[in-house]
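Enquirer: If it helps, the file is called run08.cif and holds mmCIF, N, CA and C atoms:
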data_data
#
loop_
_atom_site.label_atom_id
_atom_site.label_comp_id
_atom_site.auth_asym_id
_atom_site.auth_seq_id
_atom_site.Cartn_x
_atom_site.Cartn_y
_atom_site.Cartn_z
N MET A 1 0.86 -1.18 0.00
CA MET A 1 0.00 0.00 0.00
C MET A 1 0.90 1.23 0.00
N ASN A 2 0.59 2.16 -0.90
CA ASN A 2 1.42 3.36 -0.93
C ASN A 2 1.01 4.31 0.20
N ARG A 3 1.87 5.28 0.45
CA ARG A 3 1.66 6.19 1.58
C ARG A 3 0.35 6.97 1.46
N GLN A 4 0.04 7.44 0.27
CA GLN A 4 -1.18 8.22 0.08
C GLN A 4 -2.42 7.39 0.45
N ASN A 5 -2.45 6.14 0.03
CA ASN A 5 -3.58 5.27 0.38
C ASN A 5 -3.62 4.98 1.87
N LEU A 6 -2.44 4.81 2.47
CA LEU A 6 -2.38 4.56 3.91
C LEU A 6 -2.88 5.77 4.69
N VAL A 7 -2.47 6.95 4.28
CA VAL A 7 -2.93 8.18 4.94
C VAL A 7 -4.45 8.27 4.84
N ALA A 8 -4.99 8.02 3.66
CA ALA A 8 -6.44 8.08 3.46
C ALA A 8 -7.16 7.05 4.33
N LEU A 9 -6.60 5.84 4.43
CA LEU A 9 -7.20 4.80 5.26
C LEU A 9 -7.20 5.20 6.73
N VAL A 10 -6.06 5.65 7.23
CA VAL A 10 -5.97 6.06 8.64
C VAL A 10 -6.92 7.23 8.92
N GLU A 11 -6.93 8.22 8.05
CA GLU A 11 -7.83 9.37 8.24
C GLU A 11 -9.29 8.94 8.22
N GLY A 12 -9.64 8.04 7.31
CA GLY A 12 -11.01 7.57 7.21
C GLY A 12 -11.46 6.80 8.44
N ILE A 13 -10.60 5.91 8.92
CA ILE A 13 -10.94 5.13 10.12
C ILE A 13 -11.01 6.05 11.33
N ALA A 14 -10.05 6.96 11.45
CA ALA A 14 -10.05 7.89 12.59
C ALA A 14 -11.30 8.77 12.57
N ALA A 15 -11.70 9.23 11.40
CA ALA A 15 -12.89 10.07 11.29
C ALA A 15 -14.14 9.28 11.65
N GLU A 16 -14.22 8.04 11.18
CA GLU A 16 -15.39 7.21 11.46
C GLU A 16 -15.50 6.89 12.95
N ILE A 17 -14.41 6.45 13.54
CA ILE A 17 -14.44 6.07 14.95
C ILE A 17 -14.49 7.29 15.85
N GLY A 18 -13.77 8.35 15.47
CA GLY A 18 -13.76 9.56 16.28
C GLY A 18 -14.94 10.47 16.00
N ARG A 19 -15.76 10.06 15.04
CA ARG A 19 -16.97 10.81 14.68
C ARG A 19 -16.67 12.26 14.34
N SER A 20 -15.67 12.41 13.48
CA SER A 20 -15.35 13.75 13.00
C SER A 20 -15.18 13.70 11.49
N SER A 21 -15.04 14.84 10.88
CA SER A 21 -14.88 14.93 9.44
C SER A 21 -13.42 14.71 9.07
N THR A 22 -13.19 14.04 7.94
CA THR A 22 -11.81 13.89 7.48
C THR A 22 -11.20 15.24 7.15
N ASP A 23 -12.02 16.26 6.92
CA ASP A 23 -11.51 17.61 6.67
C ASP A 23 -10.77 18.16 7.88
N ARG A 24 -11.15 17.70 9.07
CA ARG A 24 -10.50 18.17 10.30
C ARG A 24 -9.18 17.47 10.55
N ILE A 25 -8.95 16.34 9.91
CA ILE A 25 -7.79 15.52 10.22
C ILE A 25 -6.64 15.85 9.28
N GLU A 26 -5.55 16.27 9.89
CA GLU A 26 -4.31 16.56 9.17
C GLU A 26 -3.22 15.64 9.74
N LEU A 27 -2.12 15.51 9.03
CA LEU A 27 -1.04 14.66 9.52
C LEU A 27 -0.51 15.13 10.87
N ASP A 28 -0.50 16.44 11.08
CA ASP A 28 0.03 16.96 12.34
C ASP A 28 -1.06 17.14 13.41
N SER A 29 -2.27 16.65 13.12
CA SER A 29 -3.35 16.73 14.12
C SER A 29 -2.99 15.89 15.35
N ILE A 30 -3.20 16.47 16.50
CA ILE A 30 -2.99 15.74 17.75
C ILE A 30 -4.22 14.88 17.98
N ILE A 31 -4.00 13.60 18.12
CA ILE A 31 -5.09 12.63 18.17
C ILE A 31 -6.10 12.95 19.26
N SER A 32 -5.63 13.29 20.44
CA SER A 32 -6.56 13.58 21.54
C SER A 32 -7.41 14.82 21.27
N GLU A 33 -6.89 15.76 20.48
CA GLU A 33 -7.64 16.96 20.15
C GLU A 33 -8.72 16.71 19.11
N LEU A 34 -8.67 15.52 18.49
CA LEU A 34 -9.71 15.13 17.53
C LEU A 34 -10.87 14.44 18.24
N GLY A 35 -10.79 14.39 19.57
CA GLY A 35 -11.85 13.73 20.33
C GLY A 35 -11.67 12.23 20.40
N ILE A 36 -10.46 11.76 20.13
CA ILE A 36 -10.17 10.33 20.15
C ILE A 36 -9.51 10.00 21.48
N ASP A 37 -10.23 9.25 22.31
CA ASP A 37 -9.69 8.83 23.60
C ASP A 37 -9.00 7.47 23.46
N SER A 38 -8.55 6.92 24.56
CA SER A 38 -7.79 5.67 24.49
C SER A 38 -8.63 4.50 23.96
N LEU A 39 -9.90 4.46 24.28
CA LEU A 39 -10.76 3.39 23.78
C LEU A 39 -10.95 3.53 22.27
N ALA A 40 -11.18 4.75 21.80
CA ALA A 40 -11.32 4.98 20.36
C ALA A 40 -10.02 4.66 19.65
N MET A 41 -8.88 5.00 20.27
CA MET A 41 -7.58 4.70 19.66
C MET A 41 -7.41 3.19 19.53
N ALA A 42 -7.81 2.45 20.54
CA ALA A 42 -7.72 0.99 20.48
C ALA A 42 -8.57 0.46 19.33
N ARG A 43 -9.74 1.04 19.13
CA ARG A 43 -10.62 0.62 18.03
C ARG A 43 -10.01 0.96 16.67
N ILE A 44 -9.34 2.10 16.58
CA ILE A 44 -8.67 2.50 15.34
C ILE A 44 -7.56 1.50 15.02
N VAL A 45 -6.75 1.19 16.02
CA VAL A 45 -5.64 0.26 15.81
C VAL A 45 -6.16 -1.11 15.41
N LEU A 46 -7.20 -1.59 16.07
CA LEU A 46 -7.79 -2.88 15.74
C LEU A 46 -8.30 -2.88 14.29
N ALA A 47 -8.96 -1.82 13.88
CA ALA A 47 -9.46 -1.73 12.51
C ALA A 47 -8.30 -1.74 11.51
N LEU A 48 -7.22 -1.03 11.83
CA LEU A 48 -6.05 -1.02 10.94
C LEU A 48 -5.42 -2.41 10.86
N GLU A 49 -5.30 -3.07 12.00
CA GLU A 49 -4.73 -4.42 12.02
C GLU A 49 -5.55 -5.36 11.14
N GLU A 50 -6.86 -5.28 11.27
CA GLU A 50 -7.73 -6.17 10.49
C GLU A 50 -7.66 -5.86 9.00
N LYS A 51 -7.69 -4.60 8.63
CA LYS A 51 -7.68 -4.22 7.22
C LYS A 51 -6.33 -4.48 6.55
N LEU A 52 -5.25 -4.33 7.31
CA LEU A 52 -3.92 -4.44 6.73
C LEU A 52 -3.24 -5.76 7.01
N GLY A 53 -3.81 -6.58 7.88
CA GLY A 53 -3.22 -7.88 8.18
C GLY A 53 -1.91 -7.79 8.94
N VAL A 54 -1.80 -6.80 9.82
CA VAL A 54 -0.59 -6.63 10.62
C VAL A 54 -0.96 -6.63 12.10
N SER A 55 0.04 -6.81 12.93
CA SER A 55 -0.14 -6.72 14.37
C SER A 55 0.67 -5.52 14.85
N ILE A 56 0.01 -4.66 15.62
CA ILE A 56 0.68 -3.46 16.12
C ILE A 56 0.76 -3.57 17.64
N PRO A 57 1.95 -3.87 18.16
CA PRO A 57 2.11 -4.02 19.61
C PRO A 57 1.81 -2.71 20.36
N ASP A 58 1.21 -2.85 21.51
CA ASP A 58 0.85 -1.68 22.32
C ASP A 58 2.05 -0.79 22.62
N ASP A 59 3.21 -1.39 22.88
CA ASP A 59 4.38 -0.59 23.25
C ASP A 59 4.84 0.32 22.11
N GLU A 60 4.50 -0.01 20.87
CA GLU A 60 4.85 0.85 19.75
C GLU A 60 3.93 2.06 19.64
N LEU A 61 2.83 2.03 20.39
CA LEU A 61 1.86 3.12 20.33
C LEU A 61 2.04 4.12 21.46
N LEU A 62 2.96 3.85 22.38
CA LEU A 62 3.13 4.71 23.55
C LEU A 62 3.51 6.14 23.21
N ASP A 63 4.28 6.33 22.16
CA ASP A 63 4.74 7.67 21.79
C ASP A 63 3.91 8.30 20.68
N VAL A 64 2.80 7.67 20.32
CA VAL A 64 1.94 8.21 19.27
C VAL A 64 1.14 9.38 19.82
N VAL A 65 1.34 10.54 19.23
CA VAL A 65 0.64 11.76 19.63
C VAL A 65 -0.17 12.30 18.45
N THR A 66 0.42 12.27 17.27
CA THR A 66 -0.23 12.83 16.08
C THR A 66 -0.64 11.73 15.11
N VAL A 67 -1.43 12.12 14.13
CA VAL A 67 -1.83 11.19 13.08
C VAL A 67 -0.59 10.69 12.34
N GLU A 68 0.36 11.58 12.11
CA GLU A 68 1.62 11.19 11.44
C GLU A 68 2.35 10.12 12.25
N ASP A 69 2.38 10.25 13.56
CA ASP A 69 3.03 9.24 14.41
C ASP A 69 2.39 7.88 14.20
N LEU A 70 1.07 7.85 14.16
CA LEU A 70 0.35 6.59 13.96
C LEU A 70 0.67 6.00 12.59
N ILE A 71 0.71 6.84 11.58
CA ILE A 71 1.02 6.36 10.23
C ILE A 71 2.42 5.78 10.18
N ARG A 72 3.38 6.41 10.85
CA ARG A 72 4.75 5.88 10.88
C ARG A 72 4.81 4.50 11.52
N VAL A 73 4.07 4.31 12.60
CA VAL A 73 4.04 3.00 13.26
C VAL A 73 3.45 1.95 12.31
N VAL A 74 2.38 2.30 11.64
CA VAL A 74 1.75 1.36 10.71
C VAL A 74 2.70 1.06 9.55
N GLU A 75 3.36 2.07 9.03
CA GLU A 75 4.33 1.85 7.94
C GLU A 75 5.43 0.89 8.37
N MET A 76 5.93 1.04 9.59
CA MET A 76 6.97 0.12 10.09
C MET A 76 6.45 -1.30 10.14
N ARG A 77 5.21 -1.48 10.59
CA ARG A 77 4.61 -2.81 10.66
C ARG A 77 4.41 -3.40 9.27
N LEU A 78 4.06 -2.58 8.32
CA LEU A 78 3.87 -3.07 6.95
C LEU A 78 5.18 -3.50 6.31
N GLN A 79 6.27 -2.82 6.70
CA GLN A 79 7.58 -3.15 6.14
C GLN A 79 8.17 -4.40 6.78
N SER A 80 7.87 -4.60 8.06
CA SER A 80 8.40 -5.79 8.74
C SER A 80 7.36 -6.35 9.71
N PRO A 81 6.30 -6.97 9.16
CA PRO A 81 5.26 -7.52 10.03
C PRO A 81 5.81 -8.63 10.93
N ARG A 82 5.34 -8.64 12.16
CA ARG A 82 5.79 -9.68 13.11
C ARG A 82 4.60 -10.38 13.68
#
Can you dump the structure from the file as structure tokens?
Expert:
Amino acid sequence: MNRQNLVALVEGIAAEIGRSSTDRIELDSIISELGIDSLAMARIVLALEEKLGVSIPDDELLDVVTVEDLIRVVEMRLQSPR
């Protein structure tokens, strides 16, 4: 999956679960400021894992603050799934 498609997928899932418009979501958006709490974040990660066939360990999500941070973690998993 190319980066543009991955960004669109993450933004779409975040908007759906966070109940906000994709227009509000930018790469530098702070996830908590989008109204996404820890439970919603867990649902986003689960949806990404299911759609992409990867496993994203919780410890890799500890430093995720922005949408870009989340995309970087997903990209790493896609490059070397474990």
Enquirer: Determine which residues of chain A DSSP labels as alpha helix (DSSP H) from the backbone of this structure, then write them out as a PyMOL selection string.
Expert: chain A and resi 3-18+38-52+67-79
Enquirer: Keeping only N, CA and C atoms, write the selected residues as a compact mmCIF listing (two decimals), in the coordinates of the input.
Expert:
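File produced: again_23.txt:
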# COMPACT_ATOMS: atom_id res chain seq x y z
N ARG A 3 1.87 5.28 0.45
CA ARG A 3 1.66 6.19 1.58
C ARG A 3 0.35 6.97 1.46
N GLN A 4 0.04 7.44 0.27
CA GLN A 4 -1.18 8.22 0.08
C GLN A 4 -2.42 7.39 0.45
N ASN A 5 -2.45 6.14 0.03
CA ASN A 5 -3.58 5.27 0.38
C ASN A 5 -3.62 4.98 1.87
N LEU A 6 -2.44 4.81 2.47
CA LEU A 6 -2.38 4.56 3.91
C LEU A 6 -2.88 5.77 4.69
N VAL A 7 -2.47 6.95 4.28
CA VAL A 7 -2.93 8.18 4.94
C VAL A 7 -4.45 8.27 4.84
N ALA A 8 -4.99 8.02 3.66
CA ALA A 8 -6.44 8.08 3.46
C ALA A 8 -7.16 7.05 4.33
N LEU A 9 -6.60 5.84 4.43
CA LEU A 9 -7.20 4.80 5.26
C LEU A 9 -7.20 5.20 6.73
N VAL A 10 -6.06 5.65 7.23
CA VAL A 10 -5.97 6.06 8.64
C VAL A 10 -6.92 7.23 8.92
N GLU A 11 -6.93 8.22 8.05
CA GLU A 11 -7.83 9.37 8.24
C GLU A 11 -9.29 8.94 8.22
N GLY A 12 -9.64 8.04 7.31
CA GLY A 12 -11.01 7.57 7.21
C GLY A 12 -11.46 6.80 8.44
N ILE A 13 -10.60 5.91 8.92
CA ILE A 13 -10.94 5.13 10.12
C ILE A 13 -11.01 6.05 11.33
N ALA A 14 -10.05 6.96 11.45
CA ALA A 14 -10.05 7.89 12.59
C ALA A 14 -11.30 8.77 12.57
N ALA A 15 -11.70 9.23 11.40
CA ALA A 15 -12.89 10.07 11.29
C ALA A 15 -14.14 9.28 11.65
N GLU A 16 -14.22 8.04 11.18
CA GLU A 16 -15.39 7.21 11.46
C GLU A 16 -15.50 6.89 12.95
N ILE A 17 -14.41 6.45 13.54
CA ILE A 17 -14.44 6.07 14.95
C ILE A 17 -14.49 7.29 15.85
N GLY A 18 -13.77 8.35 15.47
CA GLY A 18 -13.76 9.56 16.28
C GLY A 18 -14.94 10.47 16.00
N SER A 38 -8.55 6.92 24.56
CA SER A 38 -7.79 5.67 24.49
C SER A 38 -8.63 4.50 23.96
N LEU A 39 -9.90 4.46 24.28
CA LEU A 39 -10.76 3.39 23.78
C LEU A 39 -10.95 3.53 22.27
N ALA A 40 -11.18 4.75 21.80
CA ALA A 40 -11.32 4.98 20.36
C ALA A 40 -10.02 4.66 19.65
N MET A 41 -8.88 5.00 20.27
CA MET A 41 -7.58 4.70 19.66
C MET A 41 -7.41 3.19 19.53
N ALA A 42 -7.81 2.45 20.54
CA ALA A 42 -7.72 0.99 20.48
C ALA A 42 -8.57 0.46 19.33
N ARG A 43 -9.74 1.04 19.13
CA ARG A 43 -10.62 0.62 18.03
C ARG A 43 -10.01 0.96 16.67
N ILE A 44 -9.34 2.10 16.58
CA ILE A 44 -8.67 2.50 15.34
C ILE A 44 -7.56 1.50 15.02
N VAL A 45 -6.75 1.19 16.02
CA VAL A 45 -5.64 0.26 15.81
C VAL A 45 -6.16 -1.11 15.41
N LEU A 46 -7.20 -1.59 16.07
CA LEU A 46 -7.79 -2.88 15.74
C LEU A 46 -8.30 -2.88 14.29
N ALA A 47 -8.96 -1.82 13.88
CA ALA A 47 -9.46 -1.73 12.51
C ALA A 47 -8.30 -1.74 11.51
N LEU A 48 -7.22 -1.03 11.83
CA LEU A 48 -6.05 -1.02 10.94
C LEU A 48 -5.42 -2.41 10.86
N GLU A 49 -5.30 -3.07 12.00
CA GLU A 49 -4.73 -4.42 12.02
C GLU A 49 -5.55 -5.36 11.14
N GLU A 50 -6.86 -5.28 11.27
CA GLU A 50 -7.73 -6.17 10.49
C GLU A 50 -7.66 -5.86 9.00
N LYS A 51 -7.69 -4.60 8.63
CA LYS A 51 -7.68 -4.22 7.22
C LYS A 51 -6.33 -4.48 6.55
N LEU A 52 -5.25 -4.33 7.31
CA LEU A 52 -3.92 -4.44 6.73
C LEU A 52 -3.24 -5.76 7.01
N VAL A 67 -1.43 12.12 14.13
CA VAL A 67 -1.83 11.19 13.08
C VAL A 67 -0.59 10.69 12.34
N GLU A 68 0.36 11.58 12.11
CA GLU A 68 1.62 11.19 11.44
C GLU A 68 2.35 10.12 12.25
N ASP A 69 2.38 10.25 13.56
CA ASP A 69 3.03 9.24 14.41
C ASP A 69 2.39 7.88 14.20
N LEU A 70 1.07 7.85 14.16
CA LEU A 70 0.35 6.59 13.96
C LEU A 70 0.67 6.00 12.59
N ILE A 71 0.71 6.84 11.58
CA ILE A 71 1.02 6.36 10.23
C ILE A 71 2.42 5.78 10.18
N ARG A 72 3.38 6.41 10.85
CA ARG A 72 4.75 5.88 10.88
C ARG A 72 4.81 4.50 11.52
N VAL A 73 4.07 4.31 12.60
CA VAL A 73 4.04 3.00 13.26
C VAL A 73 3.45 1.95 12.31
N VAL A 74 2.38 2.30 11.64
CA VAL A 74 1.75 1.36 10.71
C VAL A 74 2.70 1.06 9.55
N GLU A 75 3.36 2.07 9.03
CA GLU A 75 4.33 1.85 7.94
C GLU A 75 5.43 0.89 8.37
N MET A 76 5.93 1.04 9.59
CA MET A 76 6.97 0.12 10.09
C MET A 76 6.45 -1.30 10.14
N ARG A 77 5.21 -1.48 10.59
CA ARG A 77 4.61 -2.81 10.66
C ARG A 77 4.41 -3.40 9.27
N LEU A 78 4.06 -2.58 8.32
CA LEU A 78 3.87 -3.07 6.95
C LEU A 78 5.18 -3.50 6.31
N GLN A 79 6.27 -2.82 6.70
CA GLN A 79 7.58 -3.15 6.14
C GLN A 79 8.17 -4.40 6.78
Enquirer: Counting all atoms listed in the file, figure out which residue out of A:Ala42, A:Met1, A:Leu78, A:Gly35 gets nearest to Ser55 (chain A).
Expert: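 The answer is A:Leu78, which sits nearest to Ser55 (chain A).
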Enquirer: Between A:Glu60, A:Asp69, A:Glu11, A:Glu49, which residue has the minimum interatomic distance to Asp28 (chain A), considering only C-alpha atoms?
Expert: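 That would be A:Asp69, the residue with the smallest distance to Asp28 (chain A).
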Enquirer: Counting only C-alpha atoms, figure out which residue out of A:Arg72, A:Glu16, A:Leu9, A:Glu33 gets nearest to Leu48 (chain A).
Expert: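 Looking only at the distances to Leu48 (chain A), the closest residue turns out to be A:Leu9.
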Enquirer: Could you tell me which of A:Lys51, A:Met41, A:Glu75, A:Leu34 comes closest to Ser20 (chain A) if we count all atoms listed in the file?
Expert: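 Closest to Ser20 (chain A) of all the choices is A:Leu34.
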Enquirer: Using only C-alpha atoms, what residues lie at most 9 Å away from (-12.5, 1.0, 16.5) (file coordinates), given as a list in words?
Expert: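 In the file's frame, the residues around the point are Ile13, Ala14, Glu16, Ile17, Gly18, Leu39, Ala40, Met41, Ala42, Arg43, Ile44, Val45, Leu46, Ala47 and Leu48 of chain A.
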Enquirer: Output, as lines of an AutoDock Vina configuration file, the centre and edge lengths in Å (one decimal) of the axis-aligned box that contains all listed atoms of region 20-31 of chain A with 4 Å of margin on each side.
Expert:
center_x = -7.8
center_y = 15.3
center_z = 13.0
size_x = 23.7
size_y = 13.8
size_z = 20.6
Enquirer: For CA of Ile31 (chain A) and CA of Leu6 (chain A), determine how far apart the two atoms are, in Å to one decimal place.
Expert: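 It comes out at 16.6 Å.
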Enquirer: Considering only C-alpha atoms, state which residue in the set A:Arg19, A:Leu27, A:Asn2, A:Ala8 is at the smallest distance from Leu70 (chain A).
Expert: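 Smallest separation from Leu70 (chain A) among the options: A:Leu27.
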Enquirer: To one decimal place in Å, what is the distance between atom C of Val64 (chain A) and atom C of Arg77 (chain A)?
Expert: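 That distance, rounded to one decimal, is 16.9 Å.
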Enquirer: In Å, rounded to a single decimal, give me how far CA of Leu61 (chain A) is from atom N of Ser21 (chain A).
Expert: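 CA of Leu61 (chain A) lies at a distance of 22.6 Å from atom N of Ser21 (chain A).
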